[in-house]
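Heads up, data36.txt below (compact mmCIF, C-alpha atoms (C1' of nucleotides)):
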# COMPACT_ATOMS: atom_id res chain seq x y z
CA MET A 17 7.07 10.69 -8.41
CA ILE A 18 5.02 13.65 -9.59
CA LEU A 19 5.44 16.64 -7.31
CA ASP A 20 2.16 18.32 -8.09
CA ILE A 21 2.24 20.70 -5.19
CA ASP A 22 2.98 24.40 -5.06
CA ILE A 23 6.56 24.07 -3.98
CA ASN A 24 6.84 27.81 -3.42
CA ALA A 25 4.08 27.82 -0.89
CA SER A 26 6.39 26.84 1.91
CA ARG A 27 9.38 28.80 0.69
CA ASN A 28 7.43 32.03 0.93
CA ARG A 29 6.78 31.63 4.60
CA LYS A 30 8.98 33.63 6.93
CA THR A 31 9.59 31.06 9.61
CA ILE A 32 10.47 27.84 7.89
CA GLY A 33 10.98 25.12 10.42
CA MET A 34 8.34 26.06 12.92
CA ALA A 35 5.10 24.20 13.09
CA GLU A 36 2.26 26.50 13.99
CA SER A 37 -0.08 23.71 14.83
CA MET A 38 1.88 22.31 17.73
CA ASN A 39 4.35 24.02 19.98
CA ILE A 40 7.55 22.60 21.38
CA ILE A 41 6.10 21.98 24.82
CA GLU A 42 3.27 19.92 23.42
CA LEU A 43 5.77 17.90 21.43
CA LYS A 44 7.99 17.30 24.44
CA ASN A 45 4.97 16.22 26.44
CA LYS A 46 4.41 13.56 23.85
CA GLY A 47 8.00 12.42 24.11
CA ILE A 48 9.09 13.90 20.81
CA THR A 49 12.42 15.69 20.60
CA PRO A 50 11.82 18.92 18.71
CA THR A 51 14.87 18.64 16.50
CA LYS A 52 15.49 20.95 13.59
CA HIS A 53 14.38 18.21 11.23
CA THR A 54 11.24 17.31 13.11
CA MET A 55 10.20 20.96 13.34
CA ALA A 56 10.92 21.63 9.69
CA LEU A 57 8.95 18.57 8.68
CA LEU A 58 5.98 19.53 10.83
CA GLY A 59 6.19 23.06 9.49
CA LEU A 60 5.49 21.81 6.00
CA PHE A 61 2.04 20.72 7.05
CA ASN A 62 1.07 24.34 7.60
CA MET A 63 1.04 24.80 3.88
CA HIS A 64 0.36 21.30 2.63
CA LYS A 65 -2.30 19.22 4.30
CA HIS A 66 -1.28 15.96 2.66
CA LEU A 67 2.32 14.94 1.98
CA ASP A 68 4.22 11.78 1.22
CA ALA A 69 7.83 11.03 2.17
CA ASN A 70 9.20 12.04 -1.22
CA GLN A 71 7.34 15.32 -1.28
CA ILE A 72 8.63 16.03 2.22
CA PHE A 73 12.15 15.25 1.09
CA SER A 74 11.87 17.56 -1.92
CA LEU A 75 10.28 20.40 0.02
CA LEU A 76 12.86 20.24 2.79
CA GLN A 77 15.70 20.18 0.29
CA TYR A 78 14.13 23.10 -1.53
CA ASN A 79 13.94 24.97 1.74
CA GLY A 80 17.60 24.34 2.37
CA VAL A 81 17.07 21.72 5.05
CA GLU A 82 19.60 18.94 4.51
CA VAL A 83 18.09 15.64 5.52
CA SER A 84 18.22 12.04 4.43
CA VAL A 85 15.22 9.99 3.43
CA ALA A 86 15.97 7.55 6.23
CA THR A 87 15.59 10.33 8.78
CA ILE A 88 12.33 11.46 7.25
CA TYR A 89 10.93 7.97 7.57
CA ARG A 90 12.17 7.73 11.13
CA ILE A 91 10.55 11.03 12.03
CA LEU A 92 7.32 10.10 10.28
CA THR A 93 7.14 6.75 12.06
CA ASN A 94 7.84 8.42 15.36
CA LEU A 95 5.23 11.14 14.88
CA GLU A 96 2.68 8.58 13.78
CA THR A 97 3.32 6.46 16.86
CA LYS A 98 2.79 9.50 19.07
CA ASN A 99 -0.39 10.29 17.18
CA VAL A 100 0.83 13.64 15.89
CA ILE A 101 0.38 12.66 12.29
CA GLN A 102 -1.72 10.09 10.54
CA LYS A 103 -0.80 7.76 7.70
CA HIS A 104 -3.04 7.10 4.70
CA ASN A 105 -2.74 4.67 1.86
CA PHE A 106 -4.69 6.46 -0.82
CA ASN A 107 -3.06 4.46 -3.57
CA ASN A 108 -0.82 1.42 -3.65
CA GLU A 109 2.25 3.53 -4.14
CA GLN A 110 3.58 5.61 -1.31
CA ALA A 111 1.87 6.51 1.95
CA THR A 112 0.45 9.98 2.54
CA TYR A 113 0.59 11.76 5.87
CA GLU A 114 -1.46 14.53 7.47
CA LEU A 115 -1.55 16.22 10.86
CA VAL A 116 -3.86 14.80 13.48
CA ILE A 117 -6.24 17.45 14.76
CA PRO A 118 -7.65 16.35 18.11
CA ASN A 119 -11.36 15.60 18.12
CA GLU A 120 -11.52 16.19 14.44
CA HIS A 121 -12.17 13.50 11.90
CA HIS A 122 -12.75 13.56 8.19
CA ASP A 123 -12.64 11.35 5.14
CA HIS A 124 -11.16 12.00 1.73
CA ILE A 125 -12.03 12.43 -1.91
CA ILE A 126 -9.01 11.80 -4.11
CA CYS A 127 -8.64 12.86 -7.71
CA VAL A 128 -7.12 9.88 -9.52
CA SER A 129 -5.81 12.22 -12.19
CA CYS A 130 -3.96 14.96 -10.25
CA ASN A 131 -3.93 13.33 -6.79
CA LYS A 132 -5.67 16.31 -5.24
CA VAL A 133 -7.18 15.43 -1.88
CA VAL A 134 -10.34 17.05 -0.55
CA GLU A 135 -11.61 16.41 2.95
CA PHE A 136 -15.19 15.88 3.95
CA MET A 137 -17.15 14.72 6.94
CA ASP A 138 -20.60 13.26 7.17
CA ASP A 139 -22.20 12.51 10.51
CA THR A 140 -24.73 10.11 9.10
CA ILE A 141 -22.02 7.99 7.49
CA GLU A 142 -20.06 7.98 10.73
CA GLN A 143 -23.06 6.79 12.71
CA LEU A 144 -23.95 4.15 10.16
CA GLN A 145 -20.43 2.77 10.35
CA ASN A 146 -20.68 2.37 14.09
CA LYS A 147 -24.01 0.62 13.67
CA ILE A 148 -22.56 -1.72 11.04
CA ALA A 149 -19.54 -2.60 13.16
CA LEU A 150 -21.83 -3.36 16.05
CA GLU A 151 -24.09 -5.54 13.90
CA ASN A 152 -21.07 -7.53 12.78
CA ASN A 153 -19.72 -7.94 16.29
CA PHE A 154 -16.64 -5.85 15.68
CA HIS A 155 -15.15 -3.55 18.22
CA ILE A 156 -14.47 -0.63 15.87
CA LEU A 157 -11.06 1.03 16.01
CA HIS A 158 -11.04 3.34 13.04
CA HIS A 159 -12.05 3.44 9.44
CA SER A 160 -11.01 4.86 6.13
CA LEU A 161 -13.45 6.06 3.56
CA ASN A 162 -11.87 7.18 0.34
CA ILE A 163 -13.87 8.33 -2.64
CA TYR A 164 -11.93 8.24 -5.89
CA GLY A 165 -12.93 10.38 -8.82
CA ILE A 166 -11.97 13.11 -11.24
CA CYS A 167 -12.00 16.70 -10.00
CA THR A 168 -13.46 19.52 -12.04
CA ASP A 169 -10.05 20.84 -13.09
CA CYS A 170 -9.01 17.51 -14.55
CA ASP A 171 -12.40 16.94 -16.10
CA VAL A 172 -12.14 20.24 -17.97
CA ARG A 173 -8.59 19.42 -18.98
CA ASN A 174 -9.68 16.06 -20.36
CA ASP A 175 -12.53 17.64 -22.29
CA THR A 176 -10.07 19.99 -23.92
CA TYR A 177 -7.88 17.13 -25.04
CA GLN A 178 -10.82 15.45 -26.65
CA LEU A 179 -11.66 18.39 -28.88
CA MET B 25 3.35 -13.58 6.04
CA ILE B 26 0.77 -15.19 8.28
CA LEU B 27 -1.31 -17.74 6.43
CA ASP B 28 -4.33 -17.61 8.67
CA ILE B 29 -6.66 -19.34 6.29
CA ASP B 30 -8.04 -22.84 6.33
CA ILE B 31 -5.58 -24.28 3.88
CA ASN B 32 -7.53 -27.53 3.72
CA ALA B 33 -10.64 -25.84 2.52
CA SER B 34 -9.52 -25.89 -1.08
CA ARG B 35 -7.78 -29.25 -0.88
CA ASN B 36 -11.01 -30.96 0.06
CA ARG B 37 -12.78 -29.91 -3.09
CA LYS B 38 -13.06 -32.51 -5.81
CA THR B 39 -12.32 -30.34 -8.78
CA ILE B 40 -9.37 -28.21 -7.96
CA GLY B 41 -8.55 -25.95 -10.82
CA MET B 42 -12.05 -25.12 -11.94
CA ALA B 43 -13.65 -21.85 -11.07
CA GLU B 44 -17.34 -22.27 -10.49
CA SER B 45 -18.02 -18.60 -10.65
CA MET B 46 -17.04 -18.10 -14.24
CA ASN B 47 -16.94 -20.60 -17.04
CA ILE B 48 -14.35 -20.86 -19.75
CA ILE B 49 -16.51 -19.22 -22.39
CA GLU B 50 -17.08 -16.17 -20.26
CA LEU B 51 -13.34 -15.94 -19.67
CA LYS B 52 -12.54 -16.23 -23.37
CA ASN B 53 -15.09 -13.55 -24.12
CA LYS B 54 -13.15 -11.28 -21.86
CA GLY B 55 -9.93 -12.11 -23.66
CA ILE B 56 -8.53 -14.29 -20.92
CA THR B 57 -6.81 -17.53 -21.83
CA PRO B 58 -8.12 -20.20 -19.47
CA THR B 59 -4.75 -21.73 -18.71
CA LYS B 60 -4.28 -24.31 -16.00
CA HIS B 61 -2.78 -21.65 -13.77
CA THR B 62 -5.49 -19.10 -14.33
CA MET B 63 -8.21 -21.65 -13.68
CA ALA B 64 -6.53 -22.98 -10.57
CA LEU B 65 -6.09 -19.46 -9.24
CA LEU B 66 -9.70 -18.53 -9.90
CA GLY B 67 -10.79 -21.79 -8.34
CA LEU B 68 -9.30 -20.73 -5.04
CA PHE B 69 -11.82 -17.94 -4.77
CA ASN B 70 -14.61 -20.48 -4.45
CA MET B 71 -13.39 -21.25 -0.98
CA HIS B 72 -11.62 -18.04 -0.02
CA LYS B 73 -13.27 -14.73 -0.74
CA HIS B 74 -10.18 -12.64 -0.06
CA LEU B 75 -6.66 -13.69 -0.97
CA ASP B 76 -3.30 -12.04 -1.42
CA ALA B 77 -0.55 -13.13 -3.79
CA ASN B 78 1.36 -15.05 -1.15
CA GLN B 79 -1.70 -16.91 0.05
CA ILE B 80 -2.48 -17.81 -3.55
CA PHE B 81 1.06 -19.05 -4.01
CA SER B 82 0.89 -21.20 -0.87
CA LEU B 83 -2.53 -22.60 -1.66
CA LEU B 84 -1.58 -23.49 -5.22
CA GLN B 85 1.62 -25.15 -4.07
CA TYR B 86 -0.33 -27.03 -1.43
CA ASN B 87 -2.74 -28.19 -4.10
CA GLY B 88 0.14 -29.45 -6.19
CA VAL B 89 -0.03 -26.65 -8.74
CA GLU B 90 3.52 -25.61 -9.59
CA VAL B 91 3.63 -21.93 -10.35
CA SER B 92 6.00 -19.03 -9.84
CA VAL B 93 5.12 -15.87 -8.00
CA ALA B 94 5.80 -13.88 -11.15
CA THR B 95 3.11 -15.79 -12.97
CA ILE B 96 0.65 -15.25 -10.15
CA TYR B 97 1.21 -11.52 -10.32
CA ARG B 98 0.86 -11.59 -14.09
CA ILE B 99 -2.42 -13.49 -13.85
CA LEU B 100 -3.71 -11.23 -11.10
CA THR B 101 -2.88 -8.11 -13.08
CA ASN B 102 -4.51 -9.54 -16.14
CA LEU B 103 -7.67 -10.57 -14.33
CA GLU B 104 -7.88 -7.21 -12.65
CA THR B 105 -7.56 -5.40 -15.97
CA LYS B 106 -10.38 -7.49 -17.39
CA ASN B 107 -12.47 -6.74 -14.32
CA VAL B 108 -12.71 -10.36 -13.21
CA ILE B 109 -11.10 -9.66 -9.87
CA GLN B 110 -10.71 -6.58 -7.77
CA LYS B 111 -7.69 -5.37 -5.83
CA HIS B 112 -7.86 -3.96 -2.31
CA ASN B 113 -5.25 -2.35 -0.13
CA PHE B 114 -6.57 -3.15 3.29
CA ASN B 115 -3.21 -2.57 4.90
CA ASN B 116 0.08 -1.15 3.73
CA GLU B 117 1.52 -4.58 3.21
CA GLN B 118 0.34 -6.71 0.35
CA ALA B 119 -2.72 -6.27 -1.83
CA THR B 120 -5.79 -8.45 -1.36
CA TYR B 121 -7.94 -9.69 -4.24
CA GLU B 122 -11.51 -10.82 -4.53
CA LEU B 123 -13.80 -11.87 -7.37
CA VAL B 124 -15.91 -9.20 -9.02
CA ILE B 125 -19.58 -10.11 -8.91
CA PRO B 126 -21.44 -8.08 -11.55
CA ASN B 127 -23.90 -5.53 -10.19
CA GLU B 128 -22.83 -6.34 -6.70
CA HIS B 129 -20.92 -3.97 -4.47
CA HIS B 130 -19.93 -4.13 -0.86
CA ASP B 131 -17.50 -2.65 1.63
CA HIS B 132 -15.33 -4.33 4.23
CA ILE B 133 -14.77 -4.66 7.93
CA ILE B 134 -11.27 -5.91 8.67
CA CYS B 135 -10.08 -7.39 11.93
CA VAL B 136 -6.69 -5.84 12.62
CA SER B 137 -5.81 -8.79 14.80
CA CYS B 138 -6.55 -11.85 12.63
CA ASN B 139 -7.09 -10.10 9.27
CA LYS B 140 -10.55 -11.59 8.90
CA VAL B 141 -12.61 -9.70 6.35
CA VAL B 142 -16.38 -9.31 6.57
CA GLU B 143 -18.41 -7.74 3.82
CA PHE B 144 -21.27 -5.35 4.24
CA MET B 145 -23.35 -3.01 2.16
CA ASP B 146 -25.35 0.01 3.15
CA ASP B 147 -27.50 1.85 0.64
CA THR B 148 -27.66 5.03 2.65
CA ILE B 149 -23.87 5.27 2.80
CA GLU B 150 -23.66 4.65 -0.94
CA GLN B 151 -26.11 7.42 -1.69
CA LEU B 152 -24.44 9.84 0.69
CA GLN B 153 -21.12 9.24 -1.03
CA ASN B 154 -22.58 10.16 -4.39
CA LYS B 155 -24.06 13.29 -2.88
CA ILE B 156 -20.72 14.24 -1.31
CA ALA B 157 -18.80 13.69 -4.53
CA LEU B 158 -21.31 15.87 -6.36
CA GLU B 159 -21.07 18.63 -3.75
CA ASN B 160 -17.30 18.65 -4.13
CA ASN B 161 -17.45 18.73 -7.91
CA PHE B 162 -15.92 15.31 -8.34
CA HIS B 163 -16.95 12.89 -11.00
CA ILE B 164 -17.02 9.78 -8.81
CA LEU B 165 -15.31 6.64 -10.10
CA HIS B 166 -15.29 4.31 -7.14
CA HIS B 167 -14.69 4.31 -3.44
CA SER B 168 -13.30 2.18 -0.69
CA LEU B 169 -14.77 2.10 2.75
CA ASN B 170 -12.87 -0.02 5.22
CA ILE B 171 -13.79 -0.31 8.83
CA TYR B 172 -10.98 -1.60 11.02
CA GLY B 173 -11.65 -3.22 14.33
CA ILE B 174 -11.34 -6.31 16.48
CA CYS B 175 -13.68 -9.19 15.79
CA THR B 176 -15.43 -11.09 18.57
CA ASP B 177 -13.07 -14.07 18.32
CA CYS B 178 -10.00 -11.91 18.83
CA ASP B 179 -11.68 -9.86 21.53
CA VAL B 180 -12.37 -13.02 23.51
CA ARG B 181 -8.86 -14.24 22.91
CA ASN B 182 -7.42 -10.97 24.19
CA ASP B 183 -9.61 -11.08 27.26
CA THR B 184 -8.27 -14.52 28.01
CA TYR B 185 -4.72 -13.36 27.76
CA GLN B 186 -5.39 -10.60 30.21
CA LEU B 187 -6.61 -12.93 32.94
C1' DT C 22 30.09 12.19 28.93
C1' DT C 23 26.08 10.09 27.71
C1' DG C 24 22.36 9.47 24.83
C1' DC C 25 19.72 10.35 21.19
C1' DA C 26 19.47 12.03 16.20
C1' DT C 27 21.47 11.40 11.89
C1' DG C 28 23.65 9.81 7.34
C1' DC C 29 25.03 6.23 4.61
C1' DA C 30 24.57 2.09 2.59
C1' DA C 31 22.75 -2.25 2.74
C1' DA C 32 18.77 -5.01 3.49
C1' DC C 33 14.09 -6.09 2.91
C1' DT C 34 9.20 -6.63 1.00
C1' DG C 35 5.98 -6.54 -2.45
C1' DT C 36 5.76 -6.26 -7.20
C1' DT C 37 7.30 -5.87 -12.11
C1' DT C 38 10.02 -6.97 -16.11
C1' DG C 39 13.53 -8.84 -19.68
C1' DC C 40 14.82 -12.74 -21.63
C1' DA C 41 15.01 -17.35 -23.01
C1' DG C 42 12.65 -21.67 -23.18
C1' DG C 43 8.45 -24.30 -23.83
C1' DC C 44 3.90 -25.48 -25.01
C1' DC C 45 -0.11 -25.58 -27.99
C1' DA C 46 -3.03 -24.24 -31.95
C1' DT D 5 5.62 -21.89 -37.12
C1' DG D 6 3.93 -18.22 -34.35
C1' DG D 7 2.25 -16.49 -30.44
C1' DC D 8 1.48 -16.57 -25.94
C1' DC D 9 2.45 -18.59 -21.20
C1' DT D 10 5.92 -19.42 -18.08
C1' DG D 11 10.15 -19.55 -14.91
C1' DC D 12 14.11 -17.47 -13.46
C1' DA D 13 16.62 -13.89 -11.96
C1' DA D 14 17.33 -9.26 -11.93
C1' DA D 15 15.31 -4.82 -11.34
C1' DC D 16 12.48 -1.73 -9.03
C1' DA D 17 10.01 1.36 -5.43
C1' DG D 18 9.02 2.30 -0.98
C1' DT D 19 10.55 1.59 3.41
C1' DT D 20 13.45 -0.13 7.28
C1' DT D 21 17.69 -1.02 9.72
C1' DG D 22 22.74 -1.64 11.41
C1' DC D 23 26.48 0.82 12.29
C1' DA D 24 29.48 4.50 12.94
C1' DT D 25 29.52 9.46 13.67
C1' DG D 26 28.28 13.66 15.75
C1' DC D 27 25.80 16.97 18.06
C1' DA D 28 23.64 18.67 22.27
C1' DA D 29 22.30 18.64 27.06
How does the structure come out when it is put into structure tokens?
Amino acid sequence: MILDIDINASRNRKTIGMAESMNIIELKNKGITPTKHTMALLGLFNMHKHLDANQIFSLLQYNGVEVSVATIYRILTNLETKNVIQKHNFNNEQATYELVIPNEHHDHIICVSCNKVVEFMDDTIEQLQNKIALENNFHILHHSLNIYGICTDCDVRNDTYQL
Amino acid sequence: MILDIDINASRNRKTIGMAESMNIIELKNKGITPTKHTMALLGLFNMHKHLDANQIFSLLQYNGVEVSVATIYRILTNLETKNVIQKHNFNNEQATYELVIPNEHHDHIICVSCNKVVEFMDDTIEQLQNKIALENNFHILHHSLNIYGICTDCDVRNDTYQL
DNA sequence: TTGCATGCAAACTGTTTGCAGGCCA
DNA sequence: TGGCCTGCAAACAGTTTGCATGCAA
């Protein structure tokens, strides 16, 4: 696994282990026990919008939170079930997770070189998808639109190599 | 694995083991050895547009073609490299493959209940994606747009259950 | 004291690979 | 004969699970 994230980003925060985006009461209302591990995990998403299980494991360890991979997967599964986080399969390797923001939806552009993920949202595309589902007699549940490409940073880097 | 495909579809064909969509010369030109296994595998795509490794294994076995799973994966990887077939990750379980038709592109609607896959294509969406990639300074390579929903058949079935 | 959260290790699934045997040009 | 195709079994990665322990309400 390549950990191409700024691992210091979360270390520099003062209150490791507290998710800003959702307070304890909200969590409890959803039937989630706000354990130390769950809170620490959620806290990571303040700094990193997209994380996979291994990155979470590394970041927690780096932040001094002792936790097993099994627990991380259990927490992730639980949070996903309760619709607190969302799972993506950007590649055929490991799954990536991000926080669910109510009434907010977006799609993703993924750099196949550095795995950077950029979010975007296009109303026209959204509407067209609904139309298409309707035309094909599908009751639409959700969708995933991923654009894969090379970001500017990597493009520049590749140019340099070719000199 | 649920083998929800008409397994007889391929048995009823006269010439099992011959892919209509691509002749032997074309394959050789692409550096693919047209072995019995490769041809039989490709032949399956005449009847089934979307197949995963396990379905391929079952169908081949059913058609009397003895082959190991390892070989299937090797053939699939090879064909994908040579751009004869295309790999999709519709769900986080196994990968699905389909034939590449030159100059033809489409996206997919997947029924989360029966795994049926319907293809569609929308020029406006395609163009918007290019625009979005450009706006975000990505050199676009490809994309995957999957709409997940419930197809009419399954909707009806579910209604029945609820009676 | 009860129940849920956790760690550990084993299991499991999809996929890949090393190695030895076999087939065909 | 040489090279590639193949099968087998083992390896591998990501993920899940059974069981025993332990913490917390």
Quiz item: Please, which residues of chain C lie no more than 12 Å from chain B when the count uses all atoms listed in the file, and can they be set out as a list of chain:residue names?
Solution: C:DT34, C:DG35, C:DT36, C:DT37, C:DT38, C:DC44, C:DC45
Could you write those residues out with C-alpha atoms (C1' of nucleotides), as a compact mmCIF listing (two decimals), in the frame of the given file?
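Resulting contents of part.txt:
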# COMPACT_ATOMS: atom_id res chain seq x y z
C1' DT C 34 9.20 -6.63 1.00
C1' DG C 35 5.98 -6.54 -2.45
C1' DT C 36 5.76 -6.26 -7.20
C1' DT C 37 7.30 -5.87 -12.11
C1' DT C 38 10.02 -6.97 -16.11
C1' DC C 44 3.90 -25.48 -25.01
C1' DC C 45 -0.11 -25.58 -27.99
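Restricting the calculation to only C-alpha atoms (C1' of nucleotides), the smallest distance between chain D and any of B:Ile109, B:Ile80, B:Ile96, B:Leu51 is found for B:Ile96.
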With 10 Å as the cut-off and only C-alpha atoms counted, what is the closest atom pair between each nearby residue of chain B and chain A? Distances in Å to one decimal, ordered by chain and number, as a Markdown table.
| residue | atom | partner | partner_atom | distance |
| --- | --- | --- | --- | --- |
| B:Lys111 | CA | A:Asn108 | CA | 9.9 |
| B:His112 | CA | A:Asn108 | CA | 9.0 |
| B:Asn113 | CA | A:Asn108 | CA | 6.8 |
| B:Phe114 | CA | A:Asn105 | CA | 8.8 |
| B:Asn115 | CA | A:Asn105 | CA | 7.9 |
| B:Asn116 | CA | A:Asn105 | CA | 6.7 |
| B:Glu117 | CA | A:Asn108 | CA | 9.4 |
| B:Gln118 | CA | A:Asn108 | CA | 9.1 |
| B:Ala119 | CA | A:Asn108 | CA | 8.1 |
| B:Asp131 | CA | A:Leu161 | CA | 9.8 |
| B:His132 | CA | A:His159 | CA | 9.9 |
| B:Ile133 | CA | A:Ala149 | CA | 7.4 |
| B:Ile134 | CA | A:Phe154 | CA | 8.8 |
| B:Cys135 | CA | A:Phe154 | CA | 7.7 |
| B:Val136 | CA | A:Leu157 | CA | 8.8 |
| B:Val142 | CA | A:Asn152 | CA | 8.0 |
| B:Glu143 | CA | A:Asn152 | CA | 9.3 |
| B:Phe144 | CA | A:Ile148 | CA | 7.8 |
| B:Met145 | CA | A:Ile148 | CA | 9.0 |
| B:Asp146 | CA | A:Leu144 | CA | 8.3 |
| B:Thr148 | CA | A:Ile141 | CA | 8.0 |
| B:Ile149 | CA | A:Ile141 | CA | 5.7 |
| B:Glu150 | CA | A:Ile141 | CA | 9.2 |
| B:Leu152 | CA | A:Ile141 | CA | 7.5 |
| B:Gln153 | CA | A:Ile163 | CA | 7.5 |
| B:Asn154 | CA | A:Ile163 | CA | 9.1 |
| B:Ile156 | CA | A:Phe136 | CA | 7.8 |
| B:Ala157 | CA | A:Ile125 | CA | 7.4 |
| B:Asn160 | CA | A:Val134 | CA | 8.0 |
| B:Asn161 | CA | A:Thr168 | CA | 5.8 |
| B:Phe162 | CA | A:Cys167 | CA | 4.5 |
| B:His163 | CA | A:Ile166 | CA | 5.0 |
| B:Ile164 | CA | A:Gly165 | CA | 4.1 |
| B:Leu165 | CA | A:Gly165 | CA | 4.6 |
| B:His166 | CA | A:Tyr164 | CA | 5.3 |
| B:His167 | CA | A:Ile163 | CA | 4.2 |
| B:Ser168 | CA | A:Asn162 | CA | 5.3 |
| B:Leu169 | CA | A:Leu161 | CA | 4.3 |
| B:Asn170 | CA | A:Ser160 | CA | 5.3 |
| B:Ile171 | CA | A:His159 | CA | 4.2 |
| B:Tyr172 | CA | A:His158 | CA | 5.3 |
| B:Gly173 | CA | A:Ile156 | CA | 4.1 |
| B:Ile174 | CA | A:His155 | CA | 5.0 |
| B:Cys175 | CA | A:Phe154 | CA | 4.5 |
| B:Thr176 | CA | A:Asn153 | CA | 5.8 |
| B:Asp177 | CA | A:Asn153 | CA | 9.3 |
| B:Cys178 | CA | A:Phe154 | CA | 9.5 |
| B:Asp179 | CA | A:His155 | CA | 7.9 |
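The part of chain D that reaches within 12 Å of chain B is made up of DC8, DC9, DT10, DG11, DC12, DA13, DG18 and DT19 of chain D, counting only C-alpha atoms (C1' of nucleotides).
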For the selection you just gave me, I'd like the residues written to a file as a compact mmCIF listing (two decimals), keeping the file's coordinate frame, keeping C-alpha atoms (C1' of nucleotides).
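Written output follows (result-v4.txt):
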# COMPACT_ATOMS: atom_id res chain seq x y z
C1' DC D 8 1.48 -16.57 -25.94
C1' DC D 9 2.45 -18.59 -21.20
C1' DT D 10 5.92 -19.42 -18.08
C1' DG D 11 10.15 -19.55 -14.91
C1' DC D 12 14.11 -17.47 -13.46
C1' DA D 13 16.62 -13.89 -11.96
C1' DG D 18 9.02 2.30 -0.98
C1' DT D 19 10.55 1.59 3.41
- Query: By how many Å are atom CA of Val108 of chain B and atom CA of Leu158 of chain B apart?
  - Reply: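 Interatomic distance here is 28.4 Å.
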Taken to one decimal, the atom CA of Phe81 of chain B-atom CA of Lys106 of chain B distance is 21.1 Å
Separation of atom CA of Val133 of chain A and atom CA of Asp68 of chain A, in Å?
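Rounded to one decimal, the two atoms are 12.4 Å apart.
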Of B:Asn70, B:Asn102, B:Asn53, B:Gln151, the one nearest to Glu122 of chain B when counting all atoms listed in the file is B:Asn70
Surrounding residues of DA32 of chain C excluding itself and chain neighbours under 4 positions, 10 Å, all atoms listed in the file, as a list in words: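 Listing them by chain and then by number gives DT20, DT21 and DG22 of chain D.
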